[in-house]
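Novice: Sharing input_31.cif (mmCIF, C-alpha atoms and all ligand atoms) below.
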data_work
#
loop_
_atom_site.label_atom_id
_atom_site.label_comp_id
_atom_site.auth_asym_id
_atom_site.auth_seq_id
_atom_site.Cartn_x
_atom_site.Cartn_y
_atom_site.Cartn_z
CA MET A 1 24.46 -20.05 -121.70
CA SER A 2 23.96 -18.08 -124.85
CA ALA A 3 22.75 -19.48 -128.15
CA ARG A 4 26.07 -18.74 -129.87
CA ASP A 5 27.83 -21.73 -131.49
CA VAL A 6 31.22 -20.78 -130.14
CA LYS A 7 31.88 -19.27 -126.75
CA LYS A 8 33.13 -15.71 -126.97
CA SER A 9 33.99 -14.63 -123.45
CA LEU A 10 33.71 -10.90 -124.17
CA LEU A 11 30.14 -11.27 -125.45
CA ASP A 12 29.29 -13.36 -122.39
CA VAL A 13 30.47 -10.49 -120.18
CA LEU A 14 28.26 -8.08 -122.13
CA ASP A 15 25.42 -10.52 -121.38
CA GLY A 16 26.18 -9.91 -117.70
CA GLU A 17 28.30 -12.98 -116.92
CA THR A 18 31.34 -12.88 -114.65
CA GLN A 19 34.37 -14.75 -116.05
CA LYS A 20 37.02 -16.52 -113.95
CA VAL A 21 39.63 -14.80 -116.09
CA PRO A 22 38.35 -11.61 -117.68
CA PRO A 23 38.56 -11.22 -121.46
CA VAL A 24 41.23 -8.69 -122.38
CA TRP A 25 41.93 -6.36 -125.29
CA LEU A 26 43.57 -2.94 -125.59
CA MET A 27 42.20 0.23 -127.09
CA ARG A 28 44.33 1.20 -130.11
CA GLN A 29 45.94 -2.25 -129.95
CA ALA A 30 46.91 -2.01 -133.63
CA GLY A 31 49.36 0.85 -133.61
CA ARG A 32 52.83 2.23 -133.77
CA TYR A 33 54.19 0.41 -130.70
CA LEU A 34 54.20 -2.73 -132.92
CA PRO A 35 57.05 -3.05 -135.47
CA GLU A 36 54.81 -5.13 -137.75
CA TYR A 37 52.24 -2.28 -137.73
CA ARG A 38 54.88 0.31 -138.61
CA GLU A 39 55.93 -1.80 -141.58
CA VAL A 40 52.41 -2.05 -143.01
CA ARG A 41 51.64 1.58 -142.14
CA GLN A 42 54.66 2.66 -144.20
CA LYS A 43 53.45 0.60 -147.17
CA ALA A 44 50.01 2.23 -146.94
CA GLY A 45 51.48 5.74 -146.93
CA SER A 46 48.79 7.41 -144.80
CA VAL A 47 46.33 6.61 -142.03
CA LEU A 48 43.33 6.99 -144.36
CA GLY A 49 45.16 4.99 -147.03
CA LEU A 50 45.51 2.20 -144.48
CA CYS A 51 41.86 2.48 -143.39
CA PHE A 52 40.72 2.10 -147.01
CA SER A 53 43.07 -0.77 -148.07
CA PRO A 54 41.16 -3.90 -147.03
CA ALA A 55 44.13 -6.30 -147.27
CA LEU A 56 46.41 -4.05 -145.21
CA ALA A 57 43.73 -2.96 -142.73
CA ALA A 58 42.76 -6.61 -142.16
CA GLU A 59 46.42 -7.49 -141.63
CA VAL A 60 46.98 -4.82 -138.94
CA THR A 61 43.68 -5.72 -137.27
CA LEU A 62 44.93 -9.30 -136.89
CA GLN A 63 48.52 -8.49 -135.84
CA PRO A 64 47.87 -7.96 -132.11
CA ILE A 65 45.71 -11.11 -132.01
CA ARG A 66 48.52 -13.21 -133.47
CA ARG A 67 51.18 -11.67 -131.25
CA PHE A 68 49.32 -11.59 -127.93
CA GLY A 69 46.31 -13.91 -128.23
CA LEU A 70 43.91 -11.16 -127.15
CA ASP A 71 40.21 -11.91 -126.65
CA ALA A 72 38.98 -9.23 -129.04
CA ALA A 73 40.11 -7.72 -132.34
CA ILE A 74 39.10 -4.16 -133.15
CA LEU A 75 38.59 -3.17 -136.76
CA PHE A 76 41.41 -1.00 -138.01
CA SER A 77 39.82 2.26 -139.11
CA ASP A 78 39.43 5.71 -137.57
CA ILE A 79 36.56 7.72 -136.13
CA LEU A 80 37.28 10.45 -138.70
CA VAL A 81 36.29 8.32 -141.72
CA VAL A 82 32.73 9.47 -140.91
CA PRO A 83 33.31 13.20 -141.54
CA HIS A 84 35.41 12.19 -144.55
CA ALA A 85 32.46 10.20 -145.96
CA LEU A 86 30.21 13.21 -145.23
CA GLY A 87 32.32 15.21 -147.66
CA ARG A 88 34.55 17.07 -145.18
CA LYS A 89 38.25 17.17 -145.99
CA VAL A 90 40.23 14.95 -143.56
CA GLU A 91 43.98 14.36 -143.54
CA PHE A 92 46.43 12.93 -141.04
CA VAL A 93 49.61 14.95 -140.95
CA ALA A 94 52.61 12.98 -139.67
CA GLY A 95 53.60 14.13 -136.18
CA GLU A 96 50.62 16.51 -135.93
CA GLY A 97 47.52 14.32 -135.99
CA PRO A 98 44.30 14.93 -137.87
CA LYS A 99 43.61 18.04 -139.95
CA LEU A 100 40.12 18.83 -141.24
CA ASP A 101 38.54 21.85 -142.87
CA PRO A 102 37.29 23.63 -139.73
CA ILE A 103 33.64 24.64 -139.38
CA GLU A 104 33.53 28.30 -138.41
CA GLN A 105 30.01 29.34 -139.38
CA PRO A 106 26.55 27.83 -138.83
CA VAL A 107 25.84 28.09 -142.60
CA THR A 108 28.52 25.47 -143.25
CA ILE A 109 26.44 22.96 -141.29
CA GLY A 110 23.26 23.92 -143.14
CA ALA A 111 25.03 23.18 -146.42
CA MET A 112 26.56 19.90 -145.27
CA GLU A 113 25.98 16.54 -146.87
CA GLU A 114 23.60 14.51 -144.67
CA GLU A 115 24.21 11.04 -146.08
CA LEU A 116 27.42 9.05 -145.87
CA ASP A 117 29.04 8.36 -149.22
CA GLN A 118 29.02 4.58 -148.95
CA THR A 119 31.39 4.14 -151.89
CA ILE A 120 34.07 5.72 -149.66
CA LEU A 121 33.25 3.36 -146.78
CA ALA A 122 32.88 0.17 -148.87
CA PRO A 123 36.55 -0.83 -148.23
CA VAL A 124 35.87 -0.74 -144.46
CA TYR A 125 33.09 -3.31 -144.83
CA GLU A 126 35.37 -5.38 -147.07
CA THR A 127 38.04 -5.29 -144.32
CA ILE A 128 35.45 -6.64 -141.88
CA GLY A 129 34.71 -9.58 -144.19
CA ARG A 130 38.40 -10.40 -144.53
CA VAL A 131 39.12 -10.22 -140.80
CA LYS A 132 36.06 -12.29 -140.02
CA SER A 133 37.21 -15.17 -142.20
CA ASP A 134 40.68 -15.22 -140.58
CA LEU A 135 39.77 -14.60 -136.94
CA PRO A 136 39.83 -17.51 -134.46
CA PRO A 137 36.17 -18.23 -133.60
CA GLU A 138 36.55 -17.54 -129.87
CA VAL A 139 37.86 -14.02 -130.52
CA THR A 140 35.24 -11.25 -130.44
CA PHE A 141 35.36 -8.87 -133.39
CA LEU A 142 34.62 -5.24 -132.51
CA GLY A 143 33.57 -2.46 -134.82
CA PHE A 144 33.37 1.15 -133.67
CA CYS A 145 32.56 4.76 -134.34
CA GLY A 146 33.24 8.03 -132.59
CA ALA A 147 30.40 9.51 -130.56
CA PRO A 148 28.87 12.61 -132.18
CA TRP A 149 30.32 15.02 -129.60
CA THR A 150 33.88 13.77 -130.04
CA VAL A 151 33.66 13.68 -133.84
CA ALA A 152 32.14 17.18 -133.80
CA THR A 153 35.06 18.54 -131.74
CA TYR A 154 37.42 17.63 -134.60
CA MET A 155 35.02 18.85 -137.29
CA ILE A 156 34.56 22.26 -135.67
CA ALA A 157 38.19 22.89 -134.65
CA GLY A 158 39.68 21.21 -137.70
CA GLU A 159 42.21 19.47 -135.46
CA GLY A 160 42.73 17.99 -132.03
CA THR A 161 42.63 20.65 -129.28
CA PRO A 162 43.64 20.39 -125.61
CA ASP A 163 40.25 21.51 -124.20
CA GLN A 164 37.87 21.30 -127.18
CA ALA A 165 37.18 25.02 -126.71
CA PRO A 166 36.19 25.67 -130.36
CA ALA A 167 33.35 23.09 -130.26
CA ARG A 168 32.23 24.12 -126.77
CA LEU A 169 32.06 27.77 -127.82
CA PHE A 170 30.29 26.92 -131.06
CA ALA A 171 27.70 24.86 -129.15
CA TYR A 172 27.04 27.78 -126.74
CA ARG A 173 26.90 30.41 -129.49
CA HIS A 174 25.03 28.43 -132.14
CA PRO A 175 23.06 25.69 -130.34
CA GLU A 176 20.68 25.11 -133.25
CA ALA A 177 23.40 24.67 -135.84
CA PHE A 178 25.43 22.53 -133.45
CA SER A 179 22.39 20.41 -132.75
CA ALA A 180 21.90 19.98 -136.53
CA LEU A 181 25.50 18.76 -136.81
CA ILE A 182 24.95 16.28 -133.96
CA ASP A 183 21.77 15.05 -135.71
CA ILE A 184 23.70 14.43 -138.93
CA LEU A 185 26.31 12.47 -136.97
CA VAL A 186 23.69 10.46 -135.08
CA LYS A 187 22.06 9.38 -138.34
CA ALA A 188 25.41 8.65 -140.00
CA SER A 189 26.59 6.62 -136.99
CA ILE A 190 23.42 4.49 -136.94
CA ASP A 191 23.91 3.75 -140.62
CA TYR A 192 27.67 3.12 -140.28
CA LEU A 193 27.42 0.83 -137.23
CA GLY A 194 24.50 -1.07 -138.75
CA ARG A 195 26.55 -1.77 -141.86
CA GLN A 196 29.54 -2.88 -139.76
CA ILE A 197 27.26 -5.35 -137.98
CA GLU A 198 25.87 -6.58 -141.31
CA ALA A 199 29.45 -7.04 -142.56
CA GLY A 200 30.27 -9.27 -139.59
CA VAL A 201 31.44 -7.53 -136.39
CA ASP A 202 30.17 -9.12 -133.15
CA ALA A 203 29.85 -5.92 -131.11
CA VAL A 204 30.63 -2.23 -131.46
CA GLN A 205 32.17 0.43 -129.25
CA ILE A 206 31.22 4.12 -129.30
CA PHE A 207 34.28 6.23 -128.40
CA ASP A 208 33.46 9.54 -126.69
CA THR A 209 37.05 10.53 -125.99
CA TRP A 210 36.24 14.15 -125.12
CA ALA A 211 33.06 13.62 -123.06
CA GLY A 212 34.92 14.73 -119.93
CA VAL A 213 35.17 18.43 -120.83
CA LEU A 214 31.39 18.94 -120.71
CA PRO A 215 29.57 20.30 -117.65
CA PRO A 216 26.70 17.98 -116.56
CA SER A 217 23.88 19.65 -118.50
CA GLU A 218 25.92 19.77 -121.75
CA PHE A 219 27.06 16.20 -121.05
CA ALA A 220 23.41 15.15 -120.98
CA ARG A 221 22.60 17.08 -124.13
CA TRP A 222 25.65 16.37 -126.34
CA CYS A 223 26.87 13.03 -125.01
CA ILE A 224 24.09 11.01 -123.33
CA GLU A 225 21.22 12.01 -125.60
CA PRO A 226 22.89 11.48 -129.01
CA THR A 227 24.51 8.22 -127.88
CA ARG A 228 21.14 6.97 -126.62
CA ARG A 229 19.63 7.73 -130.03
CA ILE A 230 22.45 5.86 -131.77
CA VAL A 231 22.02 2.78 -129.58
CA ASN A 232 18.24 2.75 -130.07
CA GLY A 233 18.64 3.45 -133.80
CA VAL A 234 21.09 0.58 -134.30
CA ARG A 235 18.80 -1.79 -132.36
CA GLU A 236 15.77 -0.92 -134.51
CA LYS A 237 17.43 -2.91 -137.30
CA HIS A 238 19.64 -5.13 -135.14
CA PRO A 239 17.79 -5.79 -131.87
CA GLU A 240 20.56 -8.09 -130.59
CA ALA A 241 23.39 -5.60 -131.25
CA LYS A 242 25.97 -5.57 -128.44
CA ILE A 243 27.24 -2.07 -127.74
CA ILE A 244 29.94 -0.69 -125.42
CA GLY A 245 29.96 3.03 -124.61
CA PHE A 246 33.13 4.85 -123.60
CA PRO A 247 32.44 8.38 -122.36
CA ARG A 248 36.00 9.14 -121.28
CA GLY A 249 36.31 11.48 -118.32
CA ALA A 250 32.61 11.30 -117.44
CA GLY A 251 33.37 10.88 -113.73
CA ALA A 252 30.25 10.94 -111.57
CA SER A 253 28.09 11.49 -114.68
CA LEU A 254 28.85 7.89 -115.63
CA VAL A 255 25.99 6.79 -113.36
CA ARG A 256 23.53 8.85 -115.38
CA TYR A 257 25.10 7.58 -118.62
CA ALA A 258 24.71 3.96 -117.46
CA ASP A 259 21.08 4.59 -116.50
CA GLU A 260 20.04 6.48 -119.61
CA VAL A 261 22.08 5.01 -122.46
CA PRO A 262 20.99 1.40 -123.06
CA VAL A 263 24.49 0.09 -123.79
CA ASP A 264 25.63 -3.40 -122.73
CA GLY A 265 28.84 -2.20 -121.12
CA VAL A 266 30.75 0.97 -120.33
CA GLY A 267 34.44 1.77 -120.62
CA LEU A 268 36.14 3.27 -117.57
CA ASP A 269 39.06 5.68 -117.94
CA TRP A 270 42.05 5.38 -115.60
CA MET A 271 41.13 8.49 -113.59
CA ILE A 272 37.88 7.27 -112.12
CA ASP A 273 37.73 6.24 -108.46
CA LYS A 274 37.63 2.45 -108.53
CA THR A 275 35.40 2.02 -105.47
CA PHE A 276 32.90 4.46 -106.95
CA ALA A 277 33.08 2.66 -110.31
CA ARG A 278 32.51 -0.74 -108.70
CA THR A 279 29.68 0.26 -106.39
CA GLN A 280 27.89 2.81 -108.60
CA VAL A 281 28.61 1.66 -112.15
CA GLN A 282 29.51 -2.05 -112.23
CA SER A 283 26.50 -2.68 -110.00
CA ARG A 284 24.37 -1.43 -112.93
CA ILE A 285 26.23 -2.59 -116.01
CA PRO A 286 29.34 -4.58 -117.10
CA VAL A 287 32.51 -2.48 -117.14
CA GLN A 288 35.69 -2.39 -119.21
CA GLY A 289 39.04 -0.86 -118.32
CA ASN A 290 40.95 0.80 -116.79
CA LEU A 291 44.73 0.44 -116.37
CA ASP A 292 46.62 3.72 -116.75
CA PRO A 293 48.37 3.50 -120.17
CA LEU A 294 51.43 5.10 -118.54
CA ALA A 295 51.68 2.26 -115.99
CA LEU A 296 51.99 -0.02 -119.01
CA VAL A 297 54.77 2.17 -120.39
CA ALA A 298 56.56 2.18 -117.01
CA GLY A 299 56.38 -1.59 -116.46
CA GLY A 300 57.87 -3.32 -113.41
CA ALA A 301 56.33 -2.95 -109.97
CA SER A 302 54.10 -0.02 -111.04
CA LEU A 303 52.59 -2.11 -113.79
CA ASP A 304 52.05 -5.11 -111.50
CA ALA A 305 50.41 -2.93 -108.83
CA GLY A 306 48.23 -1.23 -111.45
CA VAL A 307 47.03 -4.58 -112.84
CA ASP A 308 46.37 -5.91 -109.33
CA ASP A 309 44.34 -2.82 -108.38
CA VAL A 310 42.17 -3.10 -111.49
CA MET A 311 41.62 -6.83 -110.95
CA ALA A 312 40.84 -6.38 -107.24
CA ALA A 313 38.29 -3.68 -108.04
CA PHE A 314 36.41 -5.32 -110.92
CA ALA A 315 37.27 -8.99 -111.54
CA ASP A 316 34.54 -10.30 -109.20
CA GLY A 317 31.83 -8.92 -111.48
CA PRO A 318 31.11 -8.65 -115.22
CA PHE A 319 34.39 -7.21 -116.44
CA ILE A 320 36.59 -6.79 -119.54
CA PHE A 321 40.22 -5.94 -118.85
CA ASN A 322 41.51 -3.01 -120.93
CA LEU A 323 43.46 0.20 -120.58
CA GLY A 324 41.81 3.43 -119.48
CA HIS A 325 42.60 4.90 -122.91
CA GLY A 326 44.59 3.93 -126.02
CA ILE A 327 47.96 2.20 -125.78
CA LEU A 328 50.85 4.66 -126.19
CA GLN A 329 53.42 4.49 -128.95
CA GLN A 330 56.36 4.21 -126.53
CA THR A 331 54.91 1.09 -124.83
CA PRO A 332 57.44 -1.79 -124.69
CA ILE A 333 56.00 -5.02 -126.07
CA GLU A 334 57.41 -7.01 -123.10
CA HIS A 335 55.24 -4.92 -120.79
CA VAL A 336 52.12 -5.94 -122.70
CA GLU A 337 53.18 -9.59 -122.35
CA ARG A 338 53.81 -9.16 -118.64
CA MET A 339 50.42 -7.49 -118.15
CA LEU A 340 48.61 -10.29 -119.99
CA LYS A 341 50.30 -12.99 -117.89
CA ARG A 342 49.30 -11.24 -114.72
CA VAL A 343 45.69 -10.72 -115.79
CA ARG A 344 45.47 -14.37 -116.81
CA GLY A 345 47.20 -15.63 -113.65
CA LEU A 346 50.02 -17.31 -115.63
O1 LIG B 1 42.09 0.54 -131.60
C1 LIG B 1 42.54 0.15 -132.71
O2 LIG B 1 43.57 -0.50 -132.82
C2 LIG B 1 41.69 0.42 -133.93
C3 LIG B 1 42.01 1.57 -134.66
C4 LIG B 1 41.67 2.98 -134.20
C5 LIG B 1 42.37 4.09 -134.73
N1 LIG B 1 41.78 5.22 -134.28
C6 LIG B 1 43.53 4.02 -135.67
C7 LIG B 1 44.52 5.11 -135.64
C8 LIG B 1 40.68 3.47 -133.36
C9 LIG B 1 39.67 2.72 -132.51
C10 LIG B 1 40.75 4.89 -133.43
C11 LIG B 1 39.82 5.78 -132.71
C12 LIG B 1 40.11 7.21 -132.64
N2 LIG B 1 40.68 8.01 -133.60
C13 LIG B 1 39.71 8.03 -131.55
C14 LIG B 1 38.94 7.59 -130.34
C15 LIG B 1 39.76 6.83 -129.38
C16 LIG B 1 40.93 7.58 -128.82
O3 LIG B 1 42.03 7.05 -128.93
O4 LIG B 1 40.71 8.64 -128.23
C17 LIG B 1 40.14 9.34 -131.85
C18 LIG B 1 39.96 10.58 -130.99
C19 LIG B 1 40.73 9.31 -133.16
C20 LIG B 1 41.27 10.45 -133.95
C21 LIG B 1 42.69 10.29 -134.24
N3 LIG B 1 43.23 9.36 -135.12
C22 LIG B 1 43.77 11.05 -133.73
C23 LIG B 1 43.64 12.17 -132.72
C24 LIG B 1 44.94 10.56 -134.32
C25 LIG B 1 46.34 11.11 -134.20
C26 LIG B 1 46.97 10.80 -132.91
C27 LIG B 1 48.00 9.74 -133.08
O5 LIG B 1 48.04 8.82 -132.26
O6 LIG B 1 48.79 9.88 -134.01
C28 LIG B 1 44.57 9.46 -135.16
C29 LIG B 1 45.48 8.63 -135.99
C30 LIG B 1 45.41 7.16 -135.79
N4 LIG B 1 44.26 6.44 -135.86
C31 LIG B 1 46.49 6.27 -135.50
C32 LIG B 1 45.93 4.99 -135.40
C33 LIG B 1 46.66 3.71 -135.13
C34 LIG B 1 47.96 6.65 -135.35
C35 LIG B 1 48.48 7.20 -136.63
C36 LIG B 1 49.54 6.42 -137.38
O7 LIG B 1 49.55 5.19 -137.47
O8 LIG B 1 50.37 7.11 -137.98
#
Represent the structure of the file as structure tokens.
Specialist:
Amino acid sequence: MSARDVKKSLLDVLDGETQKVPPVWLMRQAGRYLPEYREVRQKAGSVLGLCFSPALAAEVTLQPIRRFGLDAAILFSDILVVPHALGRKVEFVAGEGPKLDPIEQPVTIGAMEEELDQTILAPVYETIGRVKSDLPPEVTFLGFCGAPWTVATYMIAGEGTPDQAPARLFAYRHPEAFSALIDILVKASIDYLGRQIEAGVDAVQIFDTWAGVLPPSEFARWCIEPTRRIVNGVREKHPEAKIIGFPRGAGASLVRYADEVPVDGVGLDWMIDKTFARTQVQSRIPVQGNLDPLALVAGGASLDAGVDDVMAAFADGPFIFNLGHGILQQTPIEHVERMLKRVRGL
């Protein structure tokens, strides 16, 4: 047993325990599929406005916990608050996603701010305090940041791209400047996650949404190595910090990630072979995932079969039930309820 006063099943899994019923939460669980989110989101006006309004951000963080009784709450914020606090222009354009000032030349990186403007991020830490005081004690509170590679793909391209070609090209053409950008993001992420932990989150997740486009040597250089430095950097100040890594699309490289990045758990996307993930990854480290978000949209027999497959593959070991990526806007709420019942054997 751990020394914690209250049992938090998700933290126990990250300590390597197997639970009879796995803890469950959903990536992007606060979002537009919830009518109560849409109402608050409209009040806030913009995504960043919502991220930086502690009362509203705390409210949307708690909404999915109240509605579904999930085992973890994830701070409502966005991975792009980091470039914003580094002085880059960030906006969310309705229907189009994020827009940033793109980085086209190496000199732009040389001239970049290297320290986060903490006055910009102060409302995020205030949100954490508010959520913490309202959260049931058995619910794990997760903070997060984007991994440097994924954040850099948006900073270089200035927007989401289907194949992250602008960042990949930039990294091939200007490896030194790209490496300097990654270094800035590593340092900023250590600082940002450390402050989230000080403000009260129980664990943090590092989202590397676009890890899967990198060939193995670039994966090692731009995904494994920077994430390893973040984990070690956070633990210098917070040796007990619990950290989940999610290198989406890593495939077979997940074994190397699990061996070389000292995280407490790894997220699995829905594409990975489940036998491979059980025998090669879960044998090394607790896993989280990996229902196809579209099976949750479809519902019915496809959803039931998807849940059963995930449970059969992973529930006999240290495991957190989740989706293989964020919940989609068109997801019917009844399907989430059905999924939870099935996971919990109700
Ligand atoms: O999981 C949660 O509920 C916590 C909140 C959260 C958000 N973004 C809020 C948000 C988290 C963990 C993120 C992470 C994030 N943001 C990632 C990594 C994980 C992933 O899903 O891949 C990435 C790549 C981003 C960048 C980002 N933010 C994009 C590409 C978009 C636009 C796409 C979209 O869905 O509209 C956002 C906007 C955003 N961030 C929304 C939410 C709920 C939706 C916008 C809205 O409410 O209008």
Novice: For ligand LIG 1 (chain B), which residue out of A:Val21, A:Leu75, A:Ala147, A:Ala157 is the nearest one, using only C-alpha atoms and all ligand atoms?
Specialist: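 Checking each candidate against ligand LIG 1 (chain B), we get A:Leu75 as the closest.
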Novice: If we count only C-alpha atoms and set the cut-off at 8 Å, which residues sit around A:Phe92, ignoring sequence neighbours fewer than 5 positions away in its own chain? Please answer as a list in words.
Specialist: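 Here the answer would be Ser46, Val47, Leu48, Gly97, Pro98 and Lys99 of chain A.
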Novice: Could you work out how far atom CA of A:Ala220 lies from atom CA of A:Pro166, giving the answer in Å with one decimal?
Specialist: 19.0 Å
Novice: For A:Phe144, which of A:Ser179, A:Thr18, A:Thr108, A:Gln196 is the closest residue, counting all atoms listed in the file?
Specialist: A:Gln196
Novice: When the cut-off is 6 Å and you count only C-alpha atoms and all ligand atoms, which residues lie near ligand LIG 1 (chain B), shown as a list of chain:residue names?
Specialist: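 Those residues are A:Met27, A:Arg28, A:Gln29, A:Ala30, A:Gly31, A:Arg32, A:Val47, A:Ile74, A:Leu75, A:Phe76, A:Ser77, A:Asp78, A:Ile79, A:Gly97, A:Pro98, A:Gly160, A:Phe207, A:Thr209, A:Gly326.
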Novice: What lies within 9 Å of A:Lys274 using all atoms listed in the file, ignoring chain neighbours under 3 positions off, as a list in words?
Specialist: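 In the requested format, the answer is Trp270, Met271, Ala277, Arg278, Thr279, Asp309, Val310, Ala313 and Phe314 of chain A.
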Novice: Atom CA of A:Lys20 to atom CA of A:Phe246: how many Å, to one decimal?
Specialist: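 Pair atom CA of A:Lys20 / atom CA of A:Phe246 returns 23.8 Å.
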Novice: As JSON, numbers by chain, please: the residues near A:Gly110 (cut-off 8 Å, all atoms listed in the file, same-chain neighbours under 2 positions excluded).
Specialist: {"A": [106, 107, 108, 112, 177, 180]}
Novice: Near A:Gln19, within 8 Å and counting only C-alpha atoms, which residues show up once chain neighbours fewer than 3 positions away are dropped, as JSON, numbers by chain?
Specialist: {"A": [9, 13, 22, 23, 315, 317, 318, 319]}
Novice: Include C-alpha atoms and write out the residues we just selected as a PDB file, keeping the file's coordinate frame.
Specialist:
ATOM      1  CA  SER A   9      33.990 -14.630-123.450  1.00  0.00           C
ATOM      2  CA  VAL A  13      30.470 -10.490-120.180  1.00  0.00           C
ATOM      3  CA  PRO A  22      38.350 -11.610-117.680  1.00  0.00           C
ATOM      4  CA  PRO A  23      38.560 -11.220-121.460  1.00  0.00           C
ATOM      5  CA  ALA A 315      37.270  -8.990-111.540  1.00  0.00           C
ATOM      6  CA  GLY A 317      31.830  -8.920-111.480  1.00  0.00           C
ATOM      7  CA  PRO A 318      31.110  -8.650-115.220  1.00  0.00           C
ATOM      8  CA  PHE A 319      34.390  -7.210-116.440  1.00  0.00           C
TER       9      PHE A 319
END
Novice: In Å, how far is it from atom CA of A:Gly233 to atom CA of A:Leu142?
Specialist: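 Between atom CA of A:Gly233 and atom CA of A:Leu142 the gap works out to 18.2 Å.
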Novice: Which centre and edge lengths in Å to one decimal define the box along x, y and z that fits every listed atom of stretch 226-242 of chain A plus 4 Å per side, as lines of an AutoDock Vina configuration file?
Specialist:
center_x = 20.9
center_y = 1.7
center_z = -132.0
size_x = 18.2
size_y = 27.6
size_z = 18.7
Novice: A:Leu268, A:Val297, A:Leu86, A:Val263: which is nearest A:Ala250, counting all atoms listed in the file?
Specialist: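 Among the listed residues, A:Leu268 lies closest to A:Ala250.
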Novice: Residues near A:Gln63, anyone? I mean within 8 Å using only C-alpha atoms, not counting same-chain ones fewer than 4 positions away, as a PyMOL selection string.
Specialist: chain A and resi 30+36-37+59+67
Novice: Okay, now the selection with C-alpha atoms, as a compact mmCIF listing (two decimals), in the coordinates of the input?
Specialist:
# COMPACT_ATOMS: atom_id res chain seq x y z
CA ALA A 30 46.91 -2.01 -133.63
CA GLU A 36 54.81 -5.13 -137.75
CA TYR A 37 52.24 -2.28 -137.73
CA GLU A 59 46.42 -7.49 -141.63
CA ARG A 67 51.18 -11.67 -131.25
Novice: Please, which residues are within 9 Å of (47.7, -9.5, -127.2) by the file's coordinates, counting all atoms listed in the file, and could they come as a list in words?
Specialist: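 Those residues, ordered by chain and then number, are Val24, Trp25, Leu26, Gln29, Gln63, Pro64, Ile65, Arg66, Arg67, Phe68, Gly69, Leu70, Asp71, Ala72, Val336, Glu337 and Leu340 of chain A.
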Novice: What residues have an atom no more than 12 Å from (50.5, -2.9, -109.4) in the file's own frame, counting only C-alpha atoms, and can you write them as an MDAnalysis selection string?
Specialist: chainID A and resid 291:292 295:296 298:312 338:339 342:343
Novice: Using only C-alpha atoms, which residue out of A:Ile333, A:Leu62, A:Asp316, A:Ile243 lies closest to A:Val139?
Specialist: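 Answer, going by the shortest atom-to-atom distance: A:Leu62.
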Novice: Determine, for each residue of stretch 194-241 of chain A having at least one atom at most 9 Å from an atom of stretch 116-135 of chain A, the closest pair of atoms and their separation in Å to one decimal, counting all atoms listed in the file; order by chain and ascending number, as CSV.
Specialist:
residue,atom,partner,partner_atom,distance
A:Arg195,CA,A:Tyr125,CA,7.3
A:Gln196,CA,A:Tyr125,CA,6.2
A:Glu198,CA,A:Tyr125,CA,8.7
A:Ala199,CA,A:Tyr125,CA,5.7
A:Gly200,CA,A:Ile128,CA,6.2
A:Val201,CA,A:Ile128,CA,6.9
Novice: For A:Ile182, which residue out of A:Asp264, A:Glu225, A:Asp163, A:Asp101 is the nearest one, using all atoms listed in the file?
Specialist: A:Glu225
Novice: Rank A:Thr153, A:Gly16, A:Gly143, A:Pro247 by their smallest atom-to-atom distance to A:Ser283, using only C-alpha atoms, and report the top residue only.
Specialist: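 Under the stated criterion, the closest residue is A:Gly16.
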